[in-house]
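Here's the structure, in structure tokens; my notes come after.
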Amino acid sequence: MHSRSSGNAVLVATLVALAPTGARAQAIGRGFDLERVGRLDSAAAFYLSAVRDNPTNLPALLGLERVLPQLGGRYQLLPLVQRAVARDSASGALRGLLVRTYVALDLADSAAAVVGRWARHRPDDEEPYRELAVALSDRHSNEEARQVLLAGRKALGQPAAFALELAALAEQTGDWEAAAREWGVEVTTAPAQAQTAVARLAEAPAEQRERIVRRLTARDASSPAARLAAELVLGWRDPARAWTIFEATLDTPSVETAYSLRRFADLAGAPGTPAAWRVRALALSRFADMVPEGLAVRARADAAQAFLEAGDAAQARAQLARVAGDSAAPFEVRRRAQATLIRALIVADRLDSAVAELARARDRLTGDDLLALHLALARARIRRGDLARADSALGNDSSMEALTVQGWLALYHGDLQRARDLFRSAGPYAGGSREATERTEMMALLERIPGARLPAFGEALLTLARGDSAVAVRALRQAADQLTAEHGREDVLLLAGRICERLGPQGEATAALLFDEVVRNGGTGAAPPAAELAWAELLLRQGHNESAVQHLEHLILAYVGSAVVPEARRRLDQAKGAIPKS
């Protein structure tokens, strides 16, 4: 009884005999179409017909390389390829096909002999060694492939030869240190490969990362290899160490160094953390020292912005002073630098200096610049508790953003009615999403308080705005005592409880008492269900899941129409999923 492989081989031979000899032009395209639809036997017939007409027809031979193994006719390919190489021994593509065929048939010695003759004929060519290594790797003979590449590197006398292939082999076997060594070699000779090297090495397991960094920063490592390590460390969320590694490579300024600095600075800005912003600023500052003045002023302006994001107003001012005072710098760059310098002074709480600088630069700033800076000054005055000067900083500005600040100023003065009116005039979209959310929540609370004025409430909120949360909570509780359950008392207590949650363990304990008081007092407003949800979430964070479940179930049953019920259901599912079943 014949095997299926034998039967397929016979079928192929029969089809070849029946195929027309004039199929040269259409054989390859037609054969590929047959391959694509799964008619492998017919595809093989067309390819074989083409090879019969032209023994060195490479596309047809490559088609047979794909098809014959699937038909059990792998051995039929060998004599065809041998004949092709005998007719055209100079073709590297045909020699490569012969090497792959020998390896596929487990005839490694024959493959090595072909490579040896090929290498003697083309002593400076990498391709013989690469073809054999790839063929061996495809057969999962990775160590043999590695040895072939190392032998080829030695024979060629090129220490950087086959770095990409050796790196890939090392990655496949989990030898990430060896992969790092080869990538270090590759980026040294081909800096454009740095992005690919980072992407590949970044996939290394966490426990292998330190070995990679040590290899790339060893004493004999090149600057491009060390910069590769720096980019990896940056991606692994250690920007300070990344900059230390990168900075050590900056001894000799060059075009390549400047390009690498710019790339590193751009990468450093991605995480958006203060530490990452600082590293971006440092890199841009060094970049500015290496490039022509036109590029330098823009880099210094960007560095100043990054320093500001990192919270280092002093360094930001130092960068900006150079840009703003440079009469040769483009006007737009100086304008942006001037606005950022004033912002830096505000962040550093040097408000009088910011006001003076704003007065000097007013003619060079746009309307949007002026609006943003006046708002920033007003908010800074509020943080100082200087409401009068905060109000004067806004002047006659009637923008939506200014109306929101004026609304908060009215609220801090205890003028609830004016705050309501101003918040409504500003609308729901002024400012950022967080600011809009806070304003909307405050408007909802103010609707629960019918009076026009409540100075104690305004003073409590001003204390909170100035950063003294603990004192603000006491003041809010005192303000709540001036209200009734029907007219905002529970809402103010709920606000106090939410502030307490952020004050550590002692604050959480006080928050729980406040939430408990609001829930026990009950009422028809939104505060009781919101307080019970906040209480349950606090219990979940503390690991008291069973108690949280009781509160969530009570909330869902007692306040069916509340807007917080969907969130309570979601939290209930989470809480029940975290409780071990008995």
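Chain labels follow the order of the structure tokens: the first chain is A, the next B, and so on; residue numbering restarts at 1 in every chain, and ligands are counted from 1 in their shown order.
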Residues at most 12 Å from Ala240 of chain A, counting only C-alpha atoms, excluding those fewer than 5 positions away in the same chain, as a PyMOL selection string? chain A and resi 230-231+233-235+245-247+268+273-283
Take the residues just selected and output them with C-alpha atoms as an mmCIF file, in the first residue's frame.
```cif
data_model
loop_
_atom_site.group_PDB
_atom_site.id
_atom_site.type_symbol
_atom_site.label_atom_id
_atom_site.label_comp_id
_atom_site.auth_asym_id
_atom_site.auth_seq_id
_atom_site.Cartn_x
_atom_site.Cartn_y
_atom_site.Cartn_z
ATOM 1 C CA ALA A 230 19.939 55.262 28.409
ATOM 2 C CA GLU A 231 16.906 55.067 26.126
ATOM 3 C CA VAL A 233 16.301 52.825 31.103
ATOM 4 C CA LEU A 234 14.144 55.823 30.208
ATOM 5 C CA GLY A 235 11.503 53.475 28.836
ATOM 6 C CA ILE A 245 24.036 57.272 31.588
ATOM 7 C CA PHE A 246 23.354 59.522 28.616
ATOM 8 C CA GLU A 247 25.193 62.557 29.996
ATOM 9 C CA ALA A 268 11.875 61.945 27.952
ATOM 10 C CA THR A 273 6.156 62.904 35.301
ATOM 11 C CA PRO A 274 8.159 65.660 37.067
ATOM 12 C CA ALA A 275 11.320 63.538 36.942
ATOM 13 C CA ALA A 276 10.865 62.915 33.215
ATOM 14 C CA TRP A 277 10.185 66.609 32.526
ATOM 15 C CA ARG A 278 13.392 67.517 34.330
ATOM 16 C CA VAL A 279 15.413 65.090 32.231
ATOM 17 C CA ARG A 280 13.851 66.506 29.069
ATOM 18 C CA ALA A 281 14.823 69.990 30.217
ATOM 19 C CA LEU A 282 18.427 68.988 30.925
ATOM 20 C CA ALA A 283 18.746 67.297 27.542
#
```
DSSP helix (DSSP H, G or I) residues within segment 383-533 of chain A, as a PyMOL selection string: chain A and resi 383-384+387-394+400-412+416-426+433-447+455-465+469-480+485-487+489-500+504-521+527-533
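Using only C-alpha atoms, the contacts of segment 114-123 of chain A at a cut-off of 10 Å, with sequence neighbours closer than 3 positions omitted, comprise A:Ser89, A:Ala90, A:Ser91, A:Gly92, A:Arg95, A:Gly96, A:Leu98, A:Val99, A:Tyr102, A:Ala108, A:Asp109, A:Ser110, A:Ala111, A:Glu126, A:Glu127, A:Pro128, A:Tyr129, A:Arg130, A:Glu131, A:Leu132, A:Gly152, A:Ala155, A:Leu156.
The shortest atom-to-atom distance to Glu459 of chain A, with only C-alpha atoms taken into account, belongs to A:Ile382 out of A:Val560, A:Ala526, A:Ala436, A:Ile382.
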A:Arg215, A:Arg298, A:Arg343, A:Arg66 ranked by distance to Val355 of chain A, top pick (using only C-alpha atoms): A:Arg343
Spatial neighbours of Asn396 of chain A, 12 Å, only C-alpha atoms, chain gap at least 6 places, as JSON, numbers by chain: {"A": [371, 374, 402, 403, 406]}
Pull all heavy atoms from the residues just selected and write them as a compact mmCIF listing (two decimals), in the first residue's frame.
```
# COMPACT_ATOMS: atom_id res chain seq x y z
N LEU A 371 -4.59 86.89 28.99
CA LEU A 371 -5.69 86.26 29.73
C LEU A 371 -5.18 85.16 30.63
O LEU A 371 -5.50 85.10 31.83
CB LEU A 371 -6.71 85.70 28.73
CG LEU A 371 -7.81 84.81 29.31
CD1 LEU A 371 -8.63 85.58 30.34
CD2 LEU A 371 -8.71 84.26 28.20
N HIS A 374 -3.10 86.63 33.59
CA HIS A 374 -3.95 87.29 34.59
C HIS A 374 -4.70 86.27 35.43
O HIS A 374 -4.84 86.44 36.65
CB HIS A 374 -4.91 88.26 33.91
CG HIS A 374 -4.29 89.56 33.51
ND1 HIS A 374 -3.74 90.44 34.43
CD2 HIS A 374 -4.10 90.14 32.30
CE1 HIS A 374 -3.26 91.50 33.81
NE2 HIS A 374 -3.46 91.34 32.50
N ALA A 402 -12.49 83.82 33.19
CA ALA A 402 -12.46 84.85 34.22
C ALA A 402 -13.73 84.82 35.07
O ALA A 402 -13.68 85.04 36.29
CB ALA A 402 -12.29 86.22 33.56
N LEU A 403 -14.87 84.56 34.43
CA LEU A 403 -16.13 84.49 35.19
C LEU A 403 -16.08 83.37 36.23
O LEU A 403 -16.62 83.52 37.34
CB LEU A 403 -17.30 84.27 34.24
CG LEU A 403 -17.69 85.45 33.34
CD1 LEU A 403 -18.80 85.05 32.39
CD2 LEU A 403 -18.11 86.65 34.18
N GLN A 406 -14.02 84.68 39.10
CA GLN A 406 -14.81 85.66 39.84
C GLN A 406 -15.89 84.97 40.67
O GLN A 406 -16.22 85.42 41.79
CB GLN A 406 -15.44 86.65 38.86
CG GLN A 406 -14.44 87.59 38.22
CD GLN A 406 -15.01 88.36 37.05
OE1 GLN A 406 -16.17 88.15 36.66
NE2 GLN A 406 -14.22 89.25 36.47
```
Would you kindly return, as a ChimeraX atom specification, each protein, DNA or RNA residue with an atom no farther than 7 Å from any atom of segment 419-435 of chain A, considering only C-alpha atoms and excluding same-chain residues fewer than 6 positions away? /A:400-401,403-404,407-408,410-411,443
With N, CA and C atoms retained, write the just-selected residues as a PDB file, in the first residue's frame.
```
ATOM      1  N   MET A 400     -15.134  83.487  29.795  1.00  0.00           N
ATOM      2  CA  MET A 400     -15.738  82.438  30.620  1.00  0.00           C
ATOM      3  C   MET A 400     -14.793  82.010  31.737  1.00  0.00           C
ATOM      4  N   GLU A 401     -13.487  81.914  31.409  1.00  0.00           N
ATOM      5  CA  GLU A 401     -12.530  81.505  32.422  1.00  0.00           C
ATOM      6  C   GLU A 401     -12.455  82.522  33.557  1.00  0.00           C
ATOM      7  N   LEU A 403     -14.870  84.558  34.434  1.00  0.00           N
ATOM      8  CA  LEU A 403     -16.129  84.487  35.189  1.00  0.00           C
ATOM      9  C   LEU A 403     -16.079  83.375  36.232  1.00  0.00           C
ATOM     10  N   THR A 404     -15.439  82.258  35.898  1.00  0.00           N
ATOM     11  CA  THR A 404     -15.365  81.175  36.879  1.00  0.00           C
ATOM     12  C   THR A 404     -14.516  81.589  38.078  1.00  0.00           C
ATOM     13  N   GLY A 407     -16.444  83.866  40.144  1.00  0.00           N
ATOM     14  CA  GLY A 407     -17.433  83.108  40.915  1.00  0.00           C
ATOM     15  C   GLY A 407     -16.839  82.537  42.184  1.00  0.00           C
ATOM     16  N   TRP A 408     -15.623  81.982  42.066  1.00  0.00           N
ATOM     17  CA  TRP A 408     -14.971  81.461  43.269  1.00  0.00           C
ATOM     18  C   TRP A 408     -14.637  82.592  44.249  1.00  0.00           C
ATOM     19  N   ALA A 410     -16.330  85.332  44.685  1.00  0.00           N
ATOM     20  CA  ALA A 410     -17.587  85.666  45.365  1.00  0.00           C
ATOM     21  C   ALA A 410     -17.906  84.632  46.430  1.00  0.00           C
ATOM     22  N   LEU A 411     -17.655  83.377  46.116  1.00  0.00           N
ATOM     23  CA  LEU A 411     -17.939  82.305  47.068  1.00  0.00           C
ATOM     24  C   LEU A 411     -17.045  82.433  48.298  1.00  0.00           C
ATOM     25  N   MET A 443     -21.879  73.997  42.294  1.00  0.00           N
ATOM     26  CA  MET A 443     -23.177  74.583  41.955  1.00  0.00           C
ATOM     27  C   MET A 443     -24.319  73.735  42.498  1.00  0.00           C
TER      28      MET A 443
END
```
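Residues surrounding Glu532 of chain A within 9 Å are A:Phe515, A:Asp516, A:Val518, A:Val519, A:Ala527, A:Pro528, A:Ala536, A:Glu537, A:His551, A:Leu552, A:His554, A:Leu555 [only C-alpha atoms; sequence separation below 4 positions excluded].
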Since we have the selection now, will you write its residues out, keeping C-alpha atoms, as an mmCIF file, in the first residue's frame?
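Contents of the output file result_18.cif:
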```
data_model
loop_
_atom_site.group_PDB
_atom_site.id
_atom_site.type_symbol
_atom_site.label_atom_id
_atom_site.label_comp_id
_atom_site.auth_asym_id
_atom_site.auth_seq_id
_atom_site.Cartn_x
_atom_site.Cartn_y
_atom_site.Cartn_z
ATOM 1 C CA PHE A 515 -20.341 59.770 56.224
ATOM 2 C CA ASP A 516 -22.060 57.869 59.038
ATOM 3 C CA VAL A 518 -24.962 62.006 56.865
ATOM 4 C CA VAL A 519 -26.384 58.508 56.266
ATOM 5 C CA ALA A 527 -26.099 63.681 49.998
ATOM 6 C CA PRO A 528 -27.165 60.507 51.904
ATOM 7 C CA ALA A 536 -18.420 51.902 51.029
ATOM 8 C CA GLU A 537 -15.549 52.883 48.717
ATOM 9 C CA HIS A 551 -23.629 49.536 52.762
ATOM 10 C CA LEU A 552 -23.860 49.052 49.011
ATOM 11 C CA HIS A 554 -28.580 49.147 51.624
ATOM 12 C CA LEU A 555 -27.913 52.039 49.233
#
```
